[in-house]
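Peer 1: Sending over a structure as structure tokens; questions will come in a sec.
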Amino acid sequence: MKKTFIALLGLLMYTQAPAQGVSNAFAPEELVNPLMGTDSKPSLSNGNTYPAIAVPWGMNFWTPQTGKMGDGWAYTYTADKIRGFKQTHQPSPWMNDYGQFALMPLTGKLRFNEDDRASWFSHKSEVAKPYYYSVYLADHDITAEITPTERAAQFRFTYPKSDSSYIVLDALDKGSYVKVLPKEQKIIGYTTKYARGPLPNFKNYFVIYIDKPFSVAHTWRNAALVKNTLEMQADHAGAIIGFKTTKGEKVGLRVASSFISFEQAELNLKRELATDDFEATKQKARDTWHKAMSRIKVEGGTTEQQRTFYSCLYRTLFFPHKMYELDASNQIVHYSPYNGKTLPGYMFAGTGFWDTFRALYPFLNLAYPSINKEMQEGLLNDYKEGGWLPEWSSPGYADIMVGNNSASVVADAYIKGLRGYDINTLYEALLHGANNEGPMTAVGRAGASYYKELGYVPYDVKINESAARTLEYAYDDFAIYQLAKALKRPQQELDLYARRSQNYRHLFDPATGLMRGKNKDGSFQSPFNPFKWGDAFTEGNSWHYSWSVFHDVEGLIGLMGGKQRFVAKLDSVFSLPPVFDDSYYGGVIHEIREMQIANMGQYAHGNQPIQHMIYLYNYAGEPWKAQYWVRQTMDRMYKATPDGYCGDEDNGQTSAWYVFSAMGFYPVTPAVNQYVIGAPLFRKTTIKLENGKEFVIEAPKNNANNLYIQAAKLNGKRLDKNYITQEDIQRGGKLRFEMGAEPDKKRGTQPEAVPYSFSSEEKQISQK
């Protein structure tokens, strides 16, 4: 009877307690799971992320390294050993890293090889926060802790009683240098390792201070220990220092680095760590995250949805990361990956515009415009020092992916209101990139001469992924046209880019109702399989890329035979089976597998080309279908768990899709001031704008069943449009949705409800 009573009491207490309750104090940084997306591998990406212990847009990140040093899969959730704690700048495993080095504490036998020094660990003894990481290294009986600043970090290693306690420094291969300075309790060195180059004069200089004297000091090179040698330069150099420890003794490390010099690394350390102890640095890092993430407050929804939202928001605040530093005179300077010099001004790196032009940069322009102003100034320096705008910076020009999407990144920033930088030189850079082949296919425009002459990049002239290039170039020309209008450029220039923005039409095949590669002689590629990945397209097939007319959905609707046929085509994406032709790749790439297993037909949300597609229902008179599929995608494809993404996270882009969509709208057309409405996830979202105003999105009846918009009001006035504008948000105010369980098939169906399309603008101009 007693046991029964206790059991009933326990059950009563459980049912009365809030399930997975959130503290009343608003602390978004505590809701983040940095391990979201880490349960990944080359054959299947659930995010391909690593836990980045850093501050927003910091120059350096830190991560526990479970994979081999030099392996892009730095941390995988299924691993059971840690090899070290690595300073990283890695944007994705496919791009790999640059300027990395690692630290590892150990006890017992002196070991430095990454396999020998590795230790078993458990996620049960691991704490991962954006601003703090802790893990128990079982083989060494050591607890390791890290907390970051922008260019520095503090470590705290808690040792057992041991006569043989050590710290191993691994400066990695490809040319590295270390020097131990026992009297100063200090190690200095540099690493020259990078995955994408060439990078002239590239070094990441580091300084490390240990707050305990050491009695052992060795260096090592490659696989050989060099005892009692305090300096080493080799292909693969490292150092070991050792001491006796008592049980529970904490040893602190203060670490900083610089892409410029040892002196600058010292300056970065003194400026950012000053006299702070570990806890003070940790609190400052937490405060930094709290301030950044508090720009957006969500209320309502489940705890899991809030965790997912803030875990995604966390991922949007890293790349491109700062590569600039502050010199002794507090002047902004940077190492140039283009000429190897130290030069004045901003520099950022580690992002691919093919991914991030779609939502990440529009998100920065909405919520964090001041950091994107710095990024725009960094792009100016890219152009001045390298001669081109980067399409993938890692940290210099990387020859990967297609498009000329720097046009979108530059134009969207200016059109969304950013000012105070040399936009005219950036516009010059856009024209240069749009009309010339670059030093590699991923810079400028591959096939530029064909595109200018024929209006498309031909399929049969040995330029890969020609249809994808053509579609993206057409949109990029639209972005240039938009910026040209804003800058009041000559009418002839406006007409040229307006005309070129229509080049997507050359690839539309009326027989299939889809986009298709076209040969130089004007004939379509044959044979044609719309389910074939790659070939004329990039990491997708025709069913994915046929929607890549961001700027002229009305024109695309016309090509497809009107709104009814357009909607039927959109519906087909979800109703078709997830069949595929992988012959171009010679095997199943992970993006194919992620589409196949998602149970959403041909909808491949795990990759970028189709991520805007759901919102196109708003252009064709059936916005309730956008509301349904947006909610389906948020609910099914995202969770704050190690397998929480449905493909590569990709530098904040896939996360930005979720953040935007959860707020209730999405930037289908960057370089236009509109956001297309979907379906808000939370009952209330408050955006604190940099101009001091607040924009509030309310949906008080929102829940899992009430996912359809019945009515909307903007600042108390009825809103029947399927979009809101940048100006609506920047003025501050309230957008209120009435939600219901059944779709309202009248709201948002009128012609005036439709978001911007270039063809609509042209009609309006011609009628004047």
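Identifiers for the structure tokens are assigned positionally: chains receive A, B, ... in sequence, residues are indexed from 1 per chain, and ligands are indexed from 1 in the order shown.
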Skipping near chain neighbours, those fewer than 2 positions away, what residues fall within 6 Å of region 648-660 of chain A using only C-alpha atoms, listed as a list in words?
Peer 2: Ser45, Gly47, Asn48, Cys312, Arg315, Thr316, Phe319, Thr356, Ala359, Leu360, Ala662, Met663, Phe665 and Tyr666 of chain A
Peer 1: Emit the selected residues as a PDB file, in the first residue's frame, including N, CA, C and O atoms.
Peer 2:
```
ATOM      1  N   SER A  45      23.716  13.547 -44.562  1.00  0.00           N
ATOM      2  CA  SER A  45      23.885  14.726 -43.710  1.00  0.00           C
ATOM      3  C   SER A  45      22.609  15.018 -42.954  1.00  0.00           C
ATOM      4  O   SER A  45      21.541  15.179 -43.542  1.00  0.00           O
ATOM      5  N   GLY A  47      22.852  17.689 -41.089  1.00  0.00           N
ATOM      6  CA  GLY A  47      23.295  19.028 -40.761  1.00  0.00           C
ATOM      7  C   GLY A  47      24.749  19.258 -41.111  1.00  0.00           C
ATOM      8  O   GLY A  47      25.155  20.332 -41.516  1.00  0.00           O
ATOM      9  N   ASN A  48      25.582  18.225 -40.903  1.00  0.00           N
ATOM     10  CA  ASN A  48      27.028  18.345 -41.119  1.00  0.00           C
ATOM     11  C   ASN A  48      27.609  19.532 -40.338  1.00  0.00           C
ATOM     12  O   ASN A  48      28.434  20.289 -40.840  1.00  0.00           O
ATOM     13  N   CYS A 312      18.568  27.099 -34.397  1.00  0.00           N
ATOM     14  CA  CYS A 312      18.738  27.589 -35.768  1.00  0.00           C
ATOM     15  C   CYS A 312      19.251  29.023 -35.767  1.00  0.00           C
ATOM     16  O   CYS A 312      20.134  29.371 -36.570  1.00  0.00           O
ATOM     17  N   ARG A 315      22.934  29.186 -35.417  1.00  0.00           N
ATOM     18  CA  ARG A 315      23.694  28.855 -36.631  1.00  0.00           C
ATOM     19  C   ARG A 315      23.734  30.009 -37.637  1.00  0.00           C
ATOM     20  O   ARG A 315      24.624  30.051 -38.492  1.00  0.00           O
ATOM     21  N   THR A 316      22.775  30.936 -37.548  1.00  0.00           N
ATOM     22  CA  THR A 316      22.787  32.056 -38.492  1.00  0.00           C
ATOM     23  C   THR A 316      23.795  33.133 -38.108  1.00  0.00           C
ATOM     24  O   THR A 316      24.012  34.071 -38.884  1.00  0.00           O
ATOM     25  N   PHE A 319      28.708  32.762 -39.843  1.00  0.00           N
ATOM     26  CA  PHE A 319      29.395  32.978 -41.113  1.00  0.00           C
ATOM     27  C   PHE A 319      28.691  34.039 -41.949  1.00  0.00           C
ATOM     28  O   PHE A 319      27.464  34.105 -41.940  1.00  0.00           O
ATOM     29  N   THR A 356      23.833  31.113 -49.390  1.00  0.00           N
ATOM     30  CA  THR A 356      23.392  32.089 -48.394  1.00  0.00           C
ATOM     31  C   THR A 356      22.709  33.329 -48.962  1.00  0.00           C
ATOM     32  O   THR A 356      22.126  34.096 -48.198  1.00  0.00           O
ATOM     33  N   ALA A 359      18.482  33.333 -48.053  1.00  0.00           N
ATOM     34  CA  ALA A 359      17.806  33.730 -46.805  1.00  0.00           C
ATOM     35  C   ALA A 359      18.756  34.267 -45.750  1.00  0.00           C
ATOM     36  O   ALA A 359      18.366  35.123 -44.964  1.00  0.00           O
ATOM     37  N   LEU A 360      20.001  33.783 -45.704  1.00  0.00           N
ATOM     38  CA  LEU A 360      20.905  34.213 -44.637  1.00  0.00           C
ATOM     39  C   LEU A 360      21.195  35.703 -44.729  1.00  0.00           C
ATOM     40  O   LEU A 360      21.053  36.440 -43.746  1.00  0.00           O
ATOM     41  N   ALA A 662       9.384  30.404 -39.266  1.00  0.00           N
ATOM     42  CA  ALA A 662       8.754  30.371 -37.952  1.00  0.00           C
ATOM     43  C   ALA A 662       8.179  31.730 -37.582  1.00  0.00           C
ATOM     44  O   ALA A 662       7.156  31.817 -36.879  1.00  0.00           O
ATOM     45  N   MET A 663       8.795  32.805 -38.051  1.00  0.00           N
ATOM     46  CA  MET A 663       8.251  34.145 -37.808  1.00  0.00           C
ATOM     47  C   MET A 663       7.016  34.400 -38.662  1.00  0.00           C
ATOM     48  O   MET A 663       6.192  35.242 -38.334  1.00  0.00           O
ATOM     49  N   PHE A 665       7.109  34.540 -42.453  1.00  0.00           N
ATOM     50  CA  PHE A 665       7.333  35.088 -43.792  1.00  0.00           C
ATOM     51  C   PHE A 665       8.731  34.733 -44.262  1.00  0.00           C
ATOM     52  O   PHE A 665       9.572  34.278 -43.483  1.00  0.00           O
ATOM     53  N   TYR A 666       8.984  34.966 -45.582  1.00  0.00           N
ATOM     54  CA  TYR A 666      10.245  34.499 -46.178  1.00  0.00           C
ATOM     55  C   TYR A 666      10.612  35.398 -47.359  1.00  0.00           C
ATOM     56  O   TYR A 666       9.743  35.804 -48.139  1.00  0.00           O
TER      57      TYR A 666
END
```
Peer 1: Need to verify the contact set: Tyr456 (chain A), 10 Å, only C-alpha atoms, exclusion of same-chain residues closer than 3 positions in sequence. Can you return it as a list in words?
Peer 2: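 The residues that qualify are Gly447, Ala448, Ser449, Tyr450, Tyr451, Lys452, Glu453, Tyr459, Ser466, Ala467, Arg469, Thr470, Leu471, Tyr473, Ala474, Arg500, Asn503, Tyr504, Arg505, His506, Leu507, Gly517, Lys518, Asn519, Lys520 and Gly522 of chain A.
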Peer 1: Any idea what's packed within 7 Å of Phe157 (chain A), counting only C-alpha atoms, ignoring anything in its chain fewer than 5 positions away? Could you give it as a VMD selection string?
Peer 2: chain A and resid 142 to 145 250 to 252
Peer 1: Would you return as a tab-separated table (two decimals) with N, CA, C and O atoms, in the first residue's frame the members of region 3-195 of chain A that DSSP assigns to strand (DSSP E or B) on this structure's backbone?
Peer 2:
```tsv
chain	number	residue	atom	x	y	z
A	41	LYS	N	27.34	12.17	-41.57
A	41	LYS	CA	28.47	11.48	-42.22
A	41	LYS	C	28.43	11.83	-43.70
A	41	LYS	O	27.43	12.38	-44.18
A	44	LEU	N	25.25	10.74	-45.59
A	44	LEU	CA	23.95	11.23	-45.14
A	44	LEU	C	24.16	12.38	-44.16
A	44	LEU	O	24.70	12.19	-43.08
A	53	ILE	N	32.02	26.61	-30.40
A	53	ILE	CA	32.09	27.36	-29.15
A	53	ILE	C	32.77	28.67	-29.49
A	53	ILE	O	33.97	28.72	-29.75
A	61	PHE	N	36.61	29.93	-33.82
A	61	PHE	CA	35.70	29.04	-33.12
A	61	PHE	C	36.54	27.93	-32.50
A	61	PHE	O	37.65	27.65	-32.95
A	62	TRP	N	35.97	27.27	-31.50
A	62	TRP	CA	36.62	26.09	-30.91
A	62	TRP	C	35.63	24.94	-30.94
A	62	TRP	O	34.43	25.13	-30.78
A	63	THR	N	36.16	23.73	-31.15
A	63	THR	CA	35.30	22.55	-31.17
A	63	THR	C	36.07	21.34	-30.69
A	63	THR	O	37.29	21.23	-30.92
A	64	PRO	N	35.42	20.43	-29.97
A	64	PRO	CA	36.06	19.14	-29.71
A	64	PRO	C	36.23	18.39	-31.02
A	64	PRO	O	35.33	18.42	-31.87
A	65	GLN	N	37.37	17.74	-31.18
A	65	GLN	CA	37.67	17.04	-32.43
A	65	GLN	C	37.59	15.54	-32.19
A	65	GLN	O	38.41	14.98	-31.46
A	81	LYS	N	35.44	8.97	-29.03
A	81	LYS	CA	36.72	9.46	-28.55
A	81	LYS	C	36.96	10.89	-29.01
A	81	LYS	O	36.59	11.27	-30.12
A	82	ILE	N	37.61	11.66	-28.16
A	82	ILE	CA	38.04	13.02	-28.49
A	82	ILE	C	39.55	13.03	-28.62
A	82	ILE	O	40.27	12.51	-27.77
A	84	GLY	N	41.28	16.01	-29.38
A	84	GLY	CA	41.81	17.30	-29.02
A	84	GLY	C	40.73	18.35	-29.13
A	84	GLY	O	39.58	18.06	-29.51
A	85	PHE	N	41.08	19.58	-28.78
A	85	PHE	CA	40.17	20.71	-28.88
A	85	PHE	C	40.78	21.68	-29.88
A	85	PHE	O	41.85	22.22	-29.66
A	86	LYS	N	40.07	21.86	-30.97
A	86	LYS	CA	40.64	22.51	-32.15
A	86	LYS	C	40.11	23.92	-32.32
A	86	LYS	O	38.91	24.17	-32.22
A	87	GLN	N	41.05	24.85	-32.59
A	87	GLN	CA	40.62	26.15	-33.10
A	87	GLN	C	40.30	25.96	-34.58
A	87	GLN	O	41.10	25.43	-35.33
A	88	THR	N	39.10	26.42	-34.97
A	88	THR	CA	38.63	26.13	-36.32
A	88	THR	C	38.02	27.37	-36.95
A	88	THR	O	37.54	28.28	-36.27
A	92	SER	N	32.27	24.31	-43.63
A	92	SER	CA	31.53	23.07	-43.84
A	92	SER	C	32.55	21.95	-44.02
A	92	SER	O	33.71	22.21	-44.39
A	96	ASN	N	36.26	22.01	-45.70
A	96	ASN	CA	37.30	21.75	-44.72
A	96	ASN	C	37.75	23.06	-44.06
A	96	ASN	O	37.04	24.05	-44.08
A	98	TYR	N	40.83	25.97	-42.27
A	98	TYR	CA	42.05	26.74	-42.50
A	98	TYR	C	42.50	27.34	-41.18
A	98	TYR	O	41.69	27.75	-40.35
A	101	PHE	N	44.63	24.53	-35.26
A	101	PHE	CA	45.57	23.85	-34.38
A	101	PHE	C	44.77	23.33	-33.20
A	101	PHE	O	43.60	23.70	-33.03
A	102	ALA	N	45.38	22.45	-32.40
A	102	ALA	CA	44.61	21.78	-31.36
A	102	ALA	C	45.40	21.65	-30.06
A	102	ALA	O	46.63	21.60	-30.07
A	103	LEU	N	44.66	21.55	-28.96
A	103	LEU	CA	45.21	21.32	-27.62
A	103	LEU	C	44.54	20.09	-27.02
A	103	LEU	O	43.36	19.83	-27.27
A	104	MET	N	45.32	19.34	-26.21
A	104	MET	CA	44.76	18.15	-25.57
A	104	MET	C	45.46	17.91	-24.24
A	104	MET	O	46.68	17.78	-24.19
A	105	PRO	N	44.71	17.85	-23.13
A	105	PRO	CA	45.30	17.48	-21.85
A	105	PRO	C	45.32	15.96	-21.68
A	105	PRO	O	44.43	15.27	-22.20
A	106	LEU	N	46.28	15.44	-20.97
A	106	LEU	CA	46.32	14.00	-20.71
A	106	LEU	C	47.14	13.71	-19.46
A	106	LEU	O	47.84	14.58	-18.93
A	107	THR	N	47.04	12.47	-19.01
A	107	THR	CA	47.82	11.99	-17.87
A	107	THR	C	48.41	10.64	-18.20
A	107	THR	O	48.00	9.98	-19.16
A	119	SER	N	40.88	10.18	-26.01
A	119	SER	CA	40.22	9.66	-24.82
A	119	SER	C	38.76	9.35	-25.11
A	119	SER	O	38.07	10.09	-25.82
A	120	TRP	N	38.29	8.28	-24.50
A	120	TRP	CA	36.86	7.99	-24.52
A	120	TRP	C	36.10	9.10	-23.80
A	120	TRP	O	36.60	9.70	-22.84
A	126	GLU	N	29.00	15.57	-21.00
A	126	GLU	CA	29.34	16.64	-21.92
A	126	GLU	C	28.32	17.77	-21.77
A	126	GLU	O	27.12	17.52	-21.69
A	127	VAL	N	28.80	19.00	-21.70
A	127	VAL	CA	27.94	20.18	-21.66
A	127	VAL	C	28.33	21.06	-22.84
A	127	VAL	O	29.49	21.46	-22.96
A	128	ALA	N	27.37	21.33	-23.72
A	128	ALA	CA	27.65	22.17	-24.89
A	128	ALA	C	26.69	23.35	-24.90
A	128	ALA	O	25.47	23.18	-24.99
A	129	LYS	N	27.24	24.53	-24.79
A	129	LYS	CA	26.52	25.79	-24.89
A	129	LYS	C	27.21	26.63	-25.96
A	129	LYS	O	28.38	26.39	-26.28
A	132	TYR	N	30.18	28.00	-23.99
A	132	TYR	CA	30.90	27.16	-23.02
A	132	TYR	C	30.79	25.71	-23.43
A	132	TYR	O	29.74	25.25	-23.89
A	133	TYR	N	31.90	24.99	-23.26
A	133	TYR	CA	31.90	23.56	-23.52
A	133	TYR	C	32.67	22.87	-22.41
A	133	TYR	O	33.72	23.36	-21.95
A	134	SER	N	32.15	21.72	-21.98
A	134	SER	CA	32.82	20.92	-20.95
A	134	SER	C	32.64	19.45	-21.28
A	134	SER	O	31.57	19.04	-21.75
A	135	VAL	N	33.69	18.68	-21.02
A	135	VAL	CA	33.59	17.24	-21.24
A	135	VAL	C	34.56	16.51	-20.32
A	135	VAL	O	35.62	17.04	-19.97
A	136	TYR	N	34.18	15.32	-19.91
A	136	TYR	CA	35.05	14.48	-19.09
A	136	TYR	C	35.81	13.53	-19.99
A	136	TYR	O	35.20	12.76	-20.76
A	137	LEU	N	37.13	13.60	-19.94
A	137	LEU	CA	38.00	12.73	-20.72
A	137	LEU	C	38.34	11.52	-19.86
A	137	LEU	O	39.20	11.58	-18.97
A	142	ILE	N	40.30	13.65	-16.65
A	142	ILE	CA	40.40	15.11	-16.74
A	142	ILE	C	39.07	15.67	-17.24
A	142	ILE	O	38.46	15.12	-18.16
A	143	THR	N	38.63	16.76	-16.62
A	143	THR	CA	37.52	17.53	-17.17
A	143	THR	C	38.08	18.74	-17.90
A	143	THR	O	38.86	19.51	-17.32
A	144	ALA	N	37.71	18.88	-19.16
A	144	ALA	CA	38.19	20.00	-19.98
A	144	ALA	C	37.05	20.98	-20.20
A	144	ALA	O	35.92	20.58	-20.50
A	145	GLU	N	37.35	22.27	-20.08
A	145	GLU	CA	36.37	23.33	-20.28
A	145	GLU	C	36.95	24.40	-21.20
A	145	GLU	O	38.14	24.69	-21.16
A	146	ILE	N	36.06	25.01	-22.02
A	146	ILE	CA	36.45	26.07	-22.95
A	146	ILE	C	35.42	27.19	-22.88
A	146	ILE	O	34.21	26.91	-22.81
A	147	THR	N	35.89	28.43	-22.95
A	147	THR	CA	34.99	29.56	-23.14
A	147	THR	C	35.69	30.59	-24.03
A	147	THR	O	36.90	30.80	-23.91
A	148	PRO	N	34.97	31.24	-24.96
A	148	PRO	CA	35.62	32.00	-26.03
A	148	PRO	C	35.44	33.52	-25.95
A	148	PRO	O	34.56	34.05	-25.27
A	152	ALA	N	40.23	35.06	-28.96
A	152	ALA	CA	40.94	34.41	-27.86
A	152	ALA	C	40.00	33.42	-27.18
A	152	ALA	O	38.82	33.31	-27.53
A	153	ALA	N	40.54	32.71	-26.20
A	153	ALA	CA	39.73	31.76	-25.44
A	153	ALA	C	40.45	31.43	-24.14
A	153	ALA	O	41.66	31.63	-24.01
A	154	GLN	N	39.68	30.92	-23.18
A	154	GLN	CA	40.27	30.37	-21.97
A	154	GLN	C	39.89	28.90	-21.87
A	154	GLN	O	38.77	28.51	-22.18
A	155	PHE	N	40.88	28.11	-21.44
A	155	PHE	CA	40.68	26.70	-21.14
A	155	PHE	C	40.85	26.49	-19.64
A	155	PHE	O	41.63	27.20	-18.99
A	156	ARG	N	40.17	25.49	-19.13
A	156	ARG	CA	40.36	25.08	-17.75
A	156	ARG	C	40.35	23.56	-17.71
A	156	ARG	O	39.35	22.94	-18.07
A	157	PHE	N	41.48	22.99	-17.33
A	157	PHE	CA	41.62	21.53	-17.25
A	157	PHE	C	41.68	21.14	-15.77
A	157	PHE	O	42.57	21.61	-15.04
A	158	THR	N	40.77	20.29	-15.33
A	158	THR	CA	40.77	19.80	-13.96
A	158	THR	C	41.40	18.41	-13.93
A	158	THR	O	40.84	17.46	-14.49
A	159	TYR	N	42.57	18.30	-13.27
A	159	TYR	CA	43.38	17.09	-13.30
A	159	TYR	C	43.14	16.22	-12.07
A	159	TYR	O	42.73	16.73	-11.02
A	162	SER	N	48.45	13.28	-10.02
A	162	SER	CA	49.30	12.58	-10.98
A	162	SER	C	50.69	13.21	-11.01
A	162	SER	O	50.82	14.44	-10.92
A	163	ASP	N	51.69	12.37	-11.13
A	163	ASP	CA	53.05	12.86	-11.35
A	163	ASP	C	53.31	13.11	-12.83
A	163	ASP	O	54.37	13.64	-13.19
A	164	SER	N	52.35	12.70	-13.66
A	164	SER	CA	52.57	12.77	-15.11
A	164	SER	C	51.35	13.38	-15.79
A	164	SER	O	50.56	12.69	-16.44
A	165	SER	N	51.18	14.67	-15.60
A	165	SER	CA	50.10	15.40	-16.25
A	165	SER	C	50.70	16.24	-17.37
A	165	SER	O	51.77	16.84	-17.21
A	166	TYR	N	49.98	16.28	-18.50
A	166	TYR	CA	50.55	16.94	-19.68
A	166	TYR	C	49.50	17.77	-20.41
A	166	TYR	O	48.30	17.60	-20.24
A	167	ILE	N	50.02	18.64	-21.26
A	167	ILE	CA	49.22	19.32	-22.30
A	167	ILE	C	49.97	19.16	-23.61
A	167	ILE	O	51.17	19.48	-23.69
A	168	VAL	N	49.28	18.67	-24.62
A	168	VAL	CA	49.85	18.50	-25.95
A	168	VAL	C	49.31	19.59	-26.86
A	168	VAL	O	48.10	19.85	-26.90
A	169	LEU	N	50.21	20.22	-27.58
A	169	LEU	CA	49.85	21.17	-28.63
A	169	LEU	C	50.14	20.53	-29.97
A	169	LEU	O	51.25	20.03	-30.20
A	170	ASP	N	49.17	20.54	-30.85
A	170	ASP	CA	49.31	19.99	-32.20
A	170	ASP	C	49.08	21.11	-33.20
A	170	ASP	O	47.96	21.62	-33.35
A	176	SER	N	54.44	23.86	-39.96
A	176	SER	CA	54.07	24.47	-38.69
A	176	SER	C	55.30	24.70	-37.83
A	176	SER	O	56.39	24.14	-38.07
A	177	TYR	N	55.13	25.52	-36.81
A	177	TYR	CA	56.25	25.96	-35.96
A	177	TYR	C	55.75	26.10	-34.53
A	177	TYR	O	54.62	26.59	-34.30
A	178	VAL	N	56.59	25.67	-33.57
A	178	VAL	CA	56.26	25.85	-32.15
A	178	VAL	C	57.53	26.25	-31.40
A	178	VAL	O	58.65	25.88	-31.78
A	179	LYS	N	57.34	26.98	-30.32
A	179	LYS	CA	58.44	27.34	-29.43
A	179	LYS	C	57.90	27.40	-28.00
A	179	LYS	O	56.90	28.09	-27.74
A	180	VAL	N	58.56	26.67	-27.10
A	180	VAL	CA	58.18	26.66	-25.70
A	180	VAL	C	59.08	27.62	-24.93
A	180	VAL	O	60.30	27.59	-25.07
A	181	LEU	N	58.45	28.45	-24.12
A	181	LEU	CA	59.17	29.45	-23.32
A	181	LEU	C	58.85	29.20	-21.84
A	181	LEU	O	57.96	29.83	-21.26
A	186	LYS	N	54.76	29.80	-21.36
A	186	LYS	CA	54.15	30.23	-22.61
A	186	LYS	C	54.60	29.33	-23.76
A	186	LYS	O	55.72	28.82	-23.78
A	187	ILE	N	53.71	29.15	-24.72
A	187	ILE	CA	54.03	28.49	-25.99
A	187	ILE	C	53.56	29.41	-27.11
A	187	ILE	O	52.45	29.97	-27.05
A	188	ILE	N	54.39	29.57	-28.12
A	188	ILE	CA	53.98	30.29	-29.31
A	188	ILE	C	54.16	29.38	-30.53
A	188	ILE	O	54.84	28.35	-30.45
A	189	GLY	N	53.56	29.76	-31.62
A	189	GLY	CA	53.73	28.96	-32.84
A	189	GLY	C	52.83	29.46	-33.94
A	189	GLY	O	52.13	30.47	-33.81
A	190	TYR	N	52.86	28.73	-35.04
A	190	TYR	CA	51.93	29.04	-36.12
A	190	TYR	C	51.62	27.78	-36.90
A	190	TYR	O	52.36	26.79	-36.88
A	191	THR	N	50.50	27.81	-37.58
A	191	THR	CA	50.11	26.75	-38.50
A	191	THR	C	49.89	27.38	-39.87
A	191	THR	O	49.43	28.52	-39.96
A	194	TYR	N	45.80	24.81	-44.70
A	194	TYR	CA	44.51	25.23	-45.27
A	194	TYR	C	44.10	24.23	-46.34
A	194	TYR	O	44.94	23.53	-46.91
```
Peer 1: With a distance cut-off of 12 Å and only C-alpha atoms, select the neighbouring residues of Asp552 (chain A), excluding the residue or stretch itself and same-chain residues fewer than 5 positions from it, and output the selection as JSON, numbers by chain.
Peer 2: {"A": [471, 474, 475, 478, 479, 498, 501, 502, 503, 504, 505, 547, 557, 558, 559, 616, 619, 668, 669, 670, 672, 754, 755, 756, 757, 758, 759, 760, 761, 762]}
Peer 1: How far is it from CA of Glu325 (chain A) to CA of Asn339 (chain A), in Å with one decimal?
Peer 2: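 Going from CA of Glu325 (chain A) over to CA of Asn339 (chain A) covers 17.2 Å.
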Peer 1: What lies within 7 Å of Asn204 (chain A) using only C-alpha atoms, ignoring chain neighbours under 4 positions off, as a PyMOL selection string?
Peer 2: chain A and resi 99+190-192+257-259
Peer 1: Only N, CA and C atoms, please: the residues just picked out, written as an mmCIF file, in the first residue's frame.
Peer 2:
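Contents of out_17.cif, freshly written:
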```
data_model
loop_
_atom_site.group_PDB
_atom_site.id
_atom_site.type_symbol
_atom_site.label_atom_id
_atom_site.label_comp_id
_atom_site.auth_asym_id
_atom_site.auth_seq_id
_atom_site.Cartn_x
_atom_site.Cartn_y
_atom_site.Cartn_z
ATOM 1 N N GLY A 99 43.827 27.337 -40.983
ATOM 2 C CA GLY A 99 44.410 27.948 -39.790
ATOM 3 C C GLY A 99 44.105 27.203 -38.507
ATOM 4 N N TYR A 190 52.864 28.734 -35.039
ATOM 5 C CA TYR A 190 51.928 29.042 -36.119
ATOM 6 C C TYR A 190 51.619 27.775 -36.900
ATOM 7 N N THR A 191 50.497 27.807 -37.575
ATOM 8 C CA THR A 191 50.113 26.748 -38.500
ATOM 9 C C THR A 191 49.890 27.379 -39.868
ATOM 10 N N THR A 192 50.242 26.667 -40.912
ATOM 11 C CA THR A 192 50.012 27.166 -42.272
ATOM 12 C C THR A 192 48.988 26.312 -43.019
ATOM 13 N N SER A 257 45.010 34.086 -31.087
ATOM 14 C CA SER A 257 45.690 33.896 -32.368
ATOM 15 C C SER A 257 45.498 35.111 -33.252
ATOM 16 N N SER A 258 46.259 35.118 -34.353
ATOM 17 C CA SER A 258 46.209 36.222 -35.312
ATOM 18 C C SER A 258 46.634 35.705 -36.670
ATOM 19 N N PHE A 259 46.012 36.227 -37.721
ATOM 20 C CA PHE A 259 46.455 35.936 -39.078
ATOM 21 C C PHE A 259 47.563 36.893 -39.522
#
```
Peer 1: Env of Leu487 (chain A): 10 Å cut, atoms = only C-alpha atoms, seq-sep filter 4 positions within chain, self excluded. Answer as a list in words.
Peer 2: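 The neighbour list is Tyr414, Ile415, Ile423, Asn424, Tyr427, Tyr481, Gln482 and Leu483 of chain A.
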Peer 1: Determine, counting only C-alpha atoms, which protein, DNA and RNA residues have an atom within 10 Å of an atom of Gly197 (chain A); residues of the same chain fewer than 6 positions away are not included. Present the result as a PyMOL selection string.
Peer 2: chain A and resi 98+337-338+394-399
Peer 1: Which is closer to Gln283 (chain A) than all the others in A:Val55, A:Ala223, A:Ile480, A:Ala256, using only C-alpha atoms?
Peer 2: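 Nearest candidate to Gln283 (chain A) out of A:Val55, A:Ala223, A:Ile480, A:Ala256: A:Val55.
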Peer 1: In region 278-389 of chain A, what's alpha helix (DSSP H) per DSSP? Answer as a PyMOL selection string?
Peer 2: chain A and resi 278-293+303-315+353-356+360-367+369-386
Peer 1: Distance CA of Pro130 (chain A)-CA of Glu272 (chain A), one decimal place?
Peer 2: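 Between CA of Pro130 (chain A) and CA of Glu272 (chain A) the gap is 17.7 Å.
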Peer 1: With distances taken over only C-alpha atoms, which of A:Asn599, A:Gln491, A:Asn607, A:Asn60 is nearest to Trp354 (chain A)?
Peer 2: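 Looking at the shortest contact to Trp354 (chain A), the residue is A:Asn607.
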